[in-house]
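K.L.:
My structure is in input.txt, and what it holds is compact mmCIF, C-alpha atoms:
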# COMPACT_ATOMS: atom_id res chain seq x y z
CA MET E 1341 7.43 -22.19 -11.08
CA GLU E 1342 4.39 -20.05 -10.41
CA SER E 1343 1.46 -22.13 -9.24
CA LEU E 1344 -0.86 -23.12 -12.10
CA ASP E 1345 -3.73 -23.29 -9.60
CA MET E 1346 -2.98 -19.72 -8.50
CA ILE E 1347 -2.84 -18.51 -12.10
CA HIS E 1348 -6.13 -20.22 -12.84
CA ASP E 1349 -7.77 -18.56 -9.84
CA VAL E 1350 -6.26 -15.15 -10.62
CA CYS E 1351 -7.45 -15.27 -14.22
CA ASP E 1352 -10.96 -16.56 -13.46
CA SER E 1353 -13.37 -14.11 -15.08
CA THR E 1354 -15.87 -14.33 -12.20
CA LEU E 1355 -15.59 -11.57 -9.59
CA ASP E 1356 -15.96 -13.81 -6.55
CA ARG E 1357 -14.60 -13.58 -3.02
CA ARG E 1358 -11.66 -15.94 -3.60
CA ARG E 1359 -10.47 -14.09 -6.69
CA VAL E 1360 -10.71 -10.67 -5.05
CA LEU E 1361 -8.77 -11.95 -2.05
CA GLN E 1362 -6.04 -13.41 -4.24
CA ALA E 1363 -5.89 -10.25 -6.34
CA VAL E 1364 -5.52 -7.83 -3.47
CA GLY E 1365 -2.57 -7.19 -1.23
CA ALA E 1366 -0.32 -4.26 -0.58
CA GLY E 1367 1.48 -3.28 2.52
CA GLY E 1368 3.78 -5.20 4.81
CA VAL E 1369 3.45 -8.78 6.07
CA LEU E 1370 4.89 -10.28 9.22
CA ALA E 1371 6.17 -13.82 9.84
CA GLY E 1372 6.68 -15.36 13.23
CA LEU E 1373 4.81 -12.82 15.37
CA GLY E 1374 1.51 -13.61 17.03
CA GLY E 1375 -0.83 -11.98 19.49
CA ARG E 1376 -1.21 -8.31 20.22
CA ALA E 1377 1.74 -6.08 20.98
CA THR E 1378 1.70 -2.92 23.06
CA ALA E 1379 1.75 0.34 21.13
CA GLN E 1380 5.20 1.83 20.81
CA ARG E 1381 5.81 5.44 21.73
CA GLY E 1382 9.03 7.29 20.99
CA GLU E 1383 10.55 10.69 21.58
CA GLY E 1384 10.66 13.22 18.77
CA ARG E 1385 13.97 14.38 17.44
CA GLY E 1386 15.34 17.58 18.94
CA GLU E 1387 16.74 20.25 16.66
CA GLY E 1388 20.39 19.60 15.86
CA SER E 1389 20.22 15.97 17.04
CA ASN E 1390 21.19 12.94 14.95
CA ALA E 1391 18.73 10.62 16.70
CA GLY E 1392 16.57 10.20 13.62
CA VAL E 1393 13.96 11.90 11.48
CA ASP E 1394 10.39 12.89 12.32
CA VAL E 1395 7.76 13.43 9.64
CA ILE E 1396 4.35 14.85 10.51
CA ALA E 1397 1.42 14.86 8.09
CA ARG E 1398 -2.20 15.63 8.79
CA GLN E 1399 -5.56 16.20 7.21
CA ASP E 1400 -8.50 17.54 9.13
CA GLU E 1401 -11.92 16.49 7.85
CA GLY E 1402 -11.63 16.56 4.05
CA VAL E 1403 -11.76 14.66 0.78
CA VAL E 1404 -10.78 10.99 0.87
CA HIS E 1405 -10.93 8.51 -2.00
CA TRP E 1406 -12.15 5.00 -1.09
CA SER E 1407 -10.74 2.56 -3.65
CA LEU E 1408 -12.96 -0.22 -4.98
CA PRO E 1409 -11.72 -3.44 -6.60
CA GLY E 1410 -10.92 -2.87 -10.25
CA LYS E 1411 -8.39 -3.57 -12.97
CA ARG E 1412 -5.12 -1.62 -13.01
CA ARG E 1413 -3.39 -0.20 -16.08
CA LEU E 1414 0.04 -1.71 -16.81
CA GLY E 1415 3.04 0.11 -18.28
CA GLN E 1416 6.10 -1.22 -20.06
CA THR E 1417 8.51 0.57 -17.72
CA VAL E 1418 7.54 -1.67 -14.81
CA PHE E 1419 6.03 -4.78 -16.39
CA GLY E 1420 7.95 -5.10 -19.65
CA THR E 1421 6.35 -6.69 -22.71
CA PRO E 1422 4.79 -10.12 -23.37
CA ASP E 1423 8.01 -11.34 -24.98
CA ARG E 1424 10.13 -9.89 -22.12
CA PRO E 1425 7.96 -9.71 -18.98
CA ARG E 1426 9.19 -7.96 -15.84
CA ALA E 1427 7.96 -7.82 -12.23
CA THR E 1428 7.09 -11.52 -12.07
CA LEU E 1429 6.77 -13.55 -8.89
CA GLN E 1430 9.31 -16.34 -9.33
CA PRO E 1431 12.51 -14.27 -8.85
CA ILE E 1432 11.19 -13.16 -5.45
CA LEU E 1433 10.32 -16.71 -4.39
CA ASP E 1434 13.84 -17.78 -5.36
CA LEU E 1435 15.24 -15.42 -2.72
CA LEU E 1436 13.37 -17.11 0.12
CA ASP E 1437 15.09 -19.71 2.30
CA ASP E 1438 11.77 -21.55 2.53
CA PRO E 1439 9.46 -20.83 -0.44
CA ASP E 1440 6.80 -23.04 1.16
CA GLY E 1441 6.92 -21.19 4.50
CA PRO E 1442 4.47 -18.51 5.66
CA VAL E 1443 5.95 -15.71 3.55
CA GLY E 1444 6.28 -17.81 0.40
CA THR E 1445 2.72 -19.07 0.78
CA LEU E 1446 1.43 -15.53 1.23
CA LEU E 1447 3.27 -14.24 -1.84
CA GLN E 1448 1.86 -17.06 -3.96
CA GLU E 1449 -1.66 -16.32 -2.73
CA LEU E 1450 -1.26 -12.52 -3.00
CA PRO E 1451 1.32 -12.12 -5.77
CA ILE E 1452 0.73 -8.41 -6.31
CA LEU E 1453 2.55 -7.71 -3.06
CA VAL E 1454 5.71 -8.10 -5.13
CA GLY E 1455 4.77 -8.72 -8.78
CA LEU E 1456 2.20 -10.01 -11.23
CA PRO E 1457 2.12 -13.37 -13.04
CA PRO E 1458 2.15 -12.87 -16.83
CA ALA E 1459 -1.02 -14.97 -17.06
CA ALA E 1460 -2.77 -12.32 -14.96
CA ARG E 1461 -2.06 -9.59 -17.55
CA GLU E 1462 -4.18 -8.56 -20.53
CA THR E 1463 -2.52 -7.59 -23.81
CA ASN E 1464 -3.37 -5.42 -26.78
CA GLY E 1465 -4.81 -6.81 -30.01
CA ASP E 1466 -1.53 -7.97 -31.54
CA GLY E 1467 -0.07 -9.22 -28.26
CA THR E 1468 2.88 -6.83 -28.25
CA ALA E 1469 2.07 -4.88 -25.06
CA TYR E 1470 0.41 -5.32 -21.71
CA THR E 1471 -2.65 -3.16 -21.15
CA GLN E 1472 -4.14 -3.94 -17.73
CA THR E 1473 -4.48 -6.61 -15.09
CA ALA E 1474 -6.81 -9.49 -15.89
CA VAL E 1475 -8.28 -9.31 -12.39
CA PRO E 1476 -9.46 -6.63 -9.96
CA THR E 1477 -6.88 -5.15 -7.59
CA PRO E 1478 -6.98 -2.54 -4.80
CA PHE E 1479 -5.16 -0.07 -7.10
CA SER E 1480 -7.87 0.67 -9.62
CA ASP E 1481 -9.18 3.98 -10.88
CA ASN E 1482 -12.59 2.96 -9.51
CA VAL E 1483 -12.94 5.20 -6.45
CA VAL E 1484 -15.70 6.76 -4.39
CA ARG E 1485 -15.30 10.13 -2.72
CA VAL E 1486 -15.83 9.90 1.04
CA SER E 1487 -14.56 12.00 3.93
CA GLY E 1488 -12.07 11.55 6.72
CA SER E 1489 -9.13 12.82 8.71
CA VAL E 1490 -5.64 11.58 9.49
CA HIS E 1491 -2.93 12.81 11.85
CA ALA E 1492 0.31 10.86 11.44
CA THR E 1493 3.69 11.23 13.10
CA TYR E 1494 6.36 8.95 11.64
CA ARG E 1495 9.48 8.52 13.82
CA ASP E 1496 12.35 7.03 11.81
CA ARG E 1497 15.02 5.87 14.24
CA ARG E 1498 16.74 3.11 12.26
CA PRO E 1499 18.03 3.69 8.71
CA TYR E 1500 17.93 0.09 7.43
CA ASP E 1501 16.41 -3.33 8.06
CA LEU E 1502 18.14 -5.92 10.24
CA PRO E 1503 17.93 -9.68 9.60
CA HIS E 1504 15.13 -11.41 11.52
CA SER E 1505 14.24 -8.22 13.40
CA TYR E 1506 10.60 -8.23 12.35
CA GLY E 1507 9.00 -7.22 15.63
CA SER E 1508 11.76 -5.25 17.31
CA SER E 1509 12.52 -1.75 16.09
CA PRO E 1510 13.05 1.72 17.55
CA ASP E 1511 10.87 3.12 14.72
CA THR E 1512 7.45 4.23 15.96
CA VAL E 1513 4.30 6.00 14.76
CA ASP E 1514 1.37 7.88 16.21
CA VAL E 1515 -1.60 7.64 13.86
CA ASP E 1516 -5.16 8.88 14.39
CA VAL E 1517 -7.40 8.12 11.45
CA GLU E 1518 -11.16 8.39 10.95
CA PHE E 1519 -13.14 7.95 7.74
CA THR E 1520 -16.39 6.73 6.26
CA ASP E 1521 -17.11 4.09 3.67
CA PRO E 1522 -19.27 4.89 0.61
CA ASN E 1523 -22.43 4.24 2.66
CA GLY E 1524 -21.36 6.79 5.29
CA THR E 1525 -20.52 4.16 7.93
CA PRO E 1526 -17.83 5.54 10.30
CA TYR E 1527 -14.49 3.74 10.81
CA THR E 1528 -11.39 4.24 12.90
CA LEU E 1529 -8.12 2.29 12.93
CA ASP E 1530 -6.23 1.51 16.15
CA VAL E 1531 -2.55 1.16 15.24
CA HIS E 1532 -0.64 -1.00 17.76
CA HIS E 1533 2.97 -0.90 16.60
CA THR E 1534 5.30 -0.95 13.62
CA ILE E 1535 6.79 -4.04 11.97
CA GLN E 1536 9.68 -4.78 9.61
CA PRO E 1537 8.09 -6.88 6.84
CA PRO E 1538 10.22 -9.93 5.90
CA ILE E 1539 9.68 -9.57 2.14
CA PRO E 1540 12.71 -10.16 -0.12
CA THR E 1541 13.83 -6.94 -1.89
CA TRP E 1542 11.74 -4.71 0.40
CA GLU E 1543 13.73 -2.02 2.21
CA THR E 1544 11.59 -0.69 5.05
CA GLY E 1545 14.24 0.72 7.39
CA GLY E 1546 12.88 -1.07 10.43
CA GLY E 1547 9.22 -0.33 9.72
CA VAL E 1548 9.40 3.44 9.15
CA ILE E 1549 11.21 5.00 6.19
CA THR E 1550 11.67 8.66 5.29
CA ASP E 1551 13.02 10.65 2.34
CA THR E 1552 13.19 7.72 -0.10
CA TRP E 1553 11.38 5.92 -2.95
CA ILE E 1554 8.99 2.97 -2.96
CA HIS E 1555 6.67 1.10 -5.37
CA GLY E 1556 7.16 0.70 -9.11
CA THR E 1557 10.64 -0.48 -10.04
CA THR E 1558 12.16 0.11 -6.57
CA GLY E 1559 11.66 -3.47 -5.34
CA THR E 1560 9.85 -2.19 -2.22
CA GLU E 1561 6.07 -2.57 -2.04
CA SER E 1562 3.68 -3.45 -4.86
CA PRO E 1563 4.83 -2.55 -8.40
CA LEU E 1564 1.20 -1.84 -9.32
CA LEU E 1565 1.66 1.69 -7.98
CA PRO E 1566 4.28 3.89 -9.66
CA ARG E 1567 7.70 4.60 -8.24
CA THR E 1568 7.04 7.55 -5.96
CA TYR E 1569 9.02 9.90 -3.75
CA THR E 1570 8.12 9.11 -0.16
CA TYR E 1571 8.29 11.72 2.58
CA ALA E 1572 7.51 8.93 5.04
CA ALA E 1573 5.90 5.49 5.18
CA PHE E 1574 5.30 2.82 7.80
CA TRP E 1575 4.21 -0.78 8.12
CA GLY E 1576 2.38 -1.98 11.23
CA ILE E 1577 -0.47 -3.85 12.90
CA CYS E 1578 -3.91 -2.42 13.63
CA ASP E 1579 -7.48 -3.15 14.71
CA VAL E 1580 -10.43 -2.09 12.55
CA ILE E 1581 -13.25 -0.32 14.38
CA VAL E 1582 -16.67 0.18 12.75
CA GLU E 1583 -19.34 2.31 14.45
CA GLY E 1584 -17.36 2.11 17.70
CA ASP E 1585 -16.99 -1.69 17.74
CA VAL E 1586 -13.77 -3.63 17.06
CA VAL E 1587 -14.66 -5.85 14.09
CA ASP E 1588 -11.17 -7.08 13.16
CA GLU E 1589 -7.89 -7.48 15.04
CA ASN E 1590 -4.20 -7.78 14.19
CA LYS E 1591 -4.49 -6.68 10.56
CA VAL E 1592 -1.49 -5.45 8.61
CA ILE E 1593 -1.53 -1.72 7.80
CA HIS E 1594 0.67 0.34 5.49
CA ALA E 1595 0.50 4.12 5.19
CA MET E 1596 2.63 6.59 3.27
CA THR E 1597 2.84 10.33 2.68
CA ILE E 1598 4.08 10.58 -0.89
CA GLN E 1599 4.28 12.65 -4.04
CA ASN E 1600 0.84 12.87 -5.62
CA MET E 1601 0.08 10.08 -8.10
CA ARG E 1602 -3.63 10.74 -8.72
CA ARG E 1603 -4.26 12.52 -12.02
CA ALA E 1604 -6.84 15.25 -12.50
CA ASP E 1605 -9.32 12.74 -13.96
CA GLY E 1606 -9.05 10.66 -10.77
CA SER E 1607 -6.92 7.87 -12.26
CA ILE E 1608 -3.63 6.63 -10.78
CA ALA E 1609 -0.61 7.53 -12.92
CA LEU E 1610 1.73 4.99 -14.48
CA GLN E 1611 5.40 5.24 -13.60
CA SER E 1612 6.14 6.68 -17.05
CA GLU E 1613 3.65 9.49 -16.32
CA MET E 1614 5.34 10.57 -13.09
CA PRO E 1615 6.04 13.06 -11.64
CA LEU E 1616 2.76 14.93 -11.83
CA ALA E 1617 2.80 18.69 -11.53
CA PRO E 1618 0.23 19.98 -9.01
CA ASP E 1619 -2.03 21.27 -11.79
CA GLU E 1620 -2.05 17.76 -13.27
CA THR E 1621 -3.34 16.19 -10.04
CA PHE E 1622 -6.84 15.75 -8.68
CA SER E 1623 -6.19 17.89 -5.60
CA GLY E 1624 -3.90 20.50 -7.14
CA GLN E 1625 -1.08 19.78 -4.67
CA ALA E 1626 2.20 17.90 -4.91
CA HIS E 1627 1.54 15.24 -2.24
CA HIS E 1628 -1.13 13.14 -0.56
CA THR E 1629 -1.33 10.39 2.07
CA GLN E 1630 -2.38 6.84 1.22
CA LEU E 1631 -3.34 4.06 3.62
CA ILE E 1632 -4.11 0.39 2.98
CA VAL E 1633 -5.26 -2.49 5.17
CA PRO E 1634 -4.78 -5.61 3.02
CA PRO E 1635 -6.43 -8.99 3.69
CA ILE E 1636 -3.66 -10.22 5.99
CA THR E 1637 -4.02 -11.14 9.65
CA VAL E 1638 -1.00 -11.70 11.88
CA GLY E 1639 -1.53 -15.04 13.62
CA PRO E 1640 0.62 -17.01 16.07
CA ASP E 1641 2.46 -18.79 13.25
CA GLY E 1642 2.82 -15.88 10.88
CA PRO E 1643 0.71 -14.07 8.27
CA VAL E 1644 -2.69 -15.54 7.42
CA HIS E 1645 -4.55 -14.68 4.23
CA GLU E 1646 -7.84 -13.38 5.60
CA ALA E 1647 -10.25 -10.70 4.40
CA VAL E 1648 -10.65 -7.43 6.28
CA ASN E 1649 -14.04 -7.39 7.97
CA THR E 1650 -15.40 -4.20 6.41
CA ALA E 1651 -19.05 -3.14 6.50
CA TYR E 1652 -19.21 -2.22 2.80
CA THR E 1653 -20.97 -4.65 0.45
CA LEU E 1654 -19.82 -4.87 -3.18
CA PRO E 1655 -22.21 -5.39 -6.13
CA ASN E 1656 -21.38 -9.14 -6.07
CA GLY E 1657 -22.88 -9.40 -2.59
CA HIS E 1658 -19.59 -9.87 -0.72
CA THR E 1659 -18.12 -7.33 1.67
CA GLN E 1660 -15.03 -5.52 0.42
CA PRO E 1661 -12.00 -7.52 1.69
CA PHE E 1662 -9.52 -4.62 1.95
CA ILE E 1663 -9.40 -0.91 2.80
CA HIS E 1664 -7.48 1.47 0.54
CA LEU E 1665 -7.79 5.21 1.16
CA THR E 1666 -6.21 8.34 -0.27
CA PHE E 1667 -6.33 11.52 1.81
CA GLU E 1668 -6.25 14.14 -0.91
CA GLU E 1669 -6.03 17.33 1.19
CA ASP E 1670 -3.17 16.53 3.56
CA THR E 1671 -0.63 19.02 4.88
CA ILE E 1672 3.00 18.12 5.54
CA VAL E 1673 3.82 19.81 8.82
CA LYS E 1674 7.38 18.52 9.14
CA ALA E 1675 9.53 16.48 6.75
CA PRO E 1676 12.64 16.58 4.60
CA PHE E 1677 11.70 18.72 1.60
CA ALA E 1678 8.45 19.77 3.24
CA ARG E 1679 8.90 23.32 1.90
CA TRP E 1680 9.99 22.24 -1.57
CA GLU E 1681 7.72 23.53 -4.34
CA PHE E 1682 7.20 22.03 -7.76
CA PRO E 1683 8.76 24.37 -10.37
CA GLU E 1684 6.42 26.30 -12.60
CA LYS E 1685 6.28 25.25 -16.23
CA GLU E 1686 8.10 27.48 -18.70
Show the structure stored in the file as structure tokens.
P.N.:
Amino acid sequence: MESLDMIHDVCDSTLDRRRVLQAVGAGGVLAGLGGRATAQRGEGRGEGSNAGVDVIARQDEGVVHWSLPGKRRLGQTVFGTPDRPRATLQPILDLLDDPDGPVGTLLQELPILVGLPPAARETNGDGTAYTQTAVPTPFSDNVVRVSGSVHATYRDRRPYDLPHSYGSSPDTVDVDVEFTDPNGTPYTLDVHHTIQPPIPTWETGGGVITDTWIHGTTGTESPLLPRTYTYAAFWGICDVIVEGDVVDENKVIHAMTIQNMRRADGSIALQSEMPLAPDETFSGQAHHTQLIVPPITVGPDGPVHEAVNTAYTLPNGHTQPFIHLTFEEDTIVKAPFARWEFPEKE
């Protein structure tokens, strides 16, 4: 059964550090790998070869949305109704060989990696529908416009996950990312290597996936974002650099170049509202690139629930324990369907 202590903490009405940490979490986790690995570098696919798929996305200095902790709208398509809830934690824990091991512990502490306890959901007046989360999450509509750039090359060399192959994969990435927080403080992220997250139901293709679907009802990644077409995504390990100094090491990172899910008013769409036509989006284009560094550190014995050491202080006096960015003006240089255009409305 889902931990009553966890539910109590998740539903606590006070926005404190513990509750924010337990509410956040998206992106891959890694069990059984410790220390720092050397960055992987791979060869791009030649034309006519069957060696794999390369996806290249970039944004020079432009608009980035920095997500703040906040409640997330809930839709029936993904989360069901109070009398028939969906996307709960227990079915995922039941798939684990050791629910009390590192992965099971992490999922119980950060349930929104894979689901949401019903007790952490608010309902409408007559209790017939879910309305929003009862706690802040990294997937809120509460964002601040900052600036930044990203150049990402995703190299997909393995089409599916292999058992217990968490730290060994031919999939690689090259990622250069710079951005500011809402105070204008400059950040960069140093990505070491990709990982295959050992999360039940997640299909990450060895750490880099291309031309597929994640989030929502797919079973891969947090259901708090809608099911979205994914040109490319990766899971890996990075260091966080603030004003030129490494302030955090061996943090999990997840980035994805996806169909646009941010509506013109700045809010994130529900699954039932997807797909968005470009004129329904904030940026007026069909795609954008999202990146998240959740509060997870890879230690010698597996994943450790630990806040990201950001430099941005929230109104409650604590520093923000995660980084979630959306690069709204990206360009897809190379990808399956890179030249596809959303049809005009009749």
K.L.:
Can you tell me how far atom CA of Pro1538 of chain E sits from atom CA of Asp1438 of chain E, in Å to one decimal?
P.N.:
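Between these atoms lies a distance of 12.2 Å.
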K.L.:
Show me a table, sorted first by chain and then by increasing residue number, of the residues of segment 1555-1651 of chain E having an atom at most 10 Å from segment 1486-1492 of chain E, each with its shortest atom pair and the distance in Å to one decimal, counting all atoms listed in the file and written as CSV.
P.N.:
residue,atom,partner,partner_atom,distance
E:Ala1572,CA,E:Ala1492,CA,9.8
E:Ala1573,CA,E:Ala1492,CA,10.0
E:Ala1595,CA,E:Ala1492,CA,9.2
E:Met1596,CA,E:Ala1492,CA,9.5
E:Thr1597,CA,E:Ala1492,CA,9.1
E:Thr1629,CA,E:Val1490,CA,8.7
E:Leu1631,CA,E:Val1490,CA,9.8
K.L.:
Nearest to Asp1466 of chain E: which of E:Asn1523, E:Pro1422, E:Thr1653, E:Asp1585 is it, counting only C-alpha atoms?
P.N.:
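With only C-alpha atoms as the atom set, the closest residue is E:Pro1422.
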K.L.:
Pick from E:Arg1398, E:His1555, E:Arg1413, E:Arg1497: nearest to His1627 of chain E, with only C-alpha atoms counted?
P.N.:
E:Arg1398
K.L.:
For Asp1511 of chain E, which residue out of E:Gln1430, E:Thr1493, E:Gln1448, E:Ser1407 is the nearest one, using all atoms listed in the file?
P.N.:
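With all atoms listed in the file as the atom set, the closest residue is E:Thr1493.
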K.L.:
So, counting only C-alpha atoms, which residue among E:Phe1574, E:Ala1460, E:Pro1563, E:Val1673 is closest to Val1515 of chain E?
P.N.:
E:Phe1574
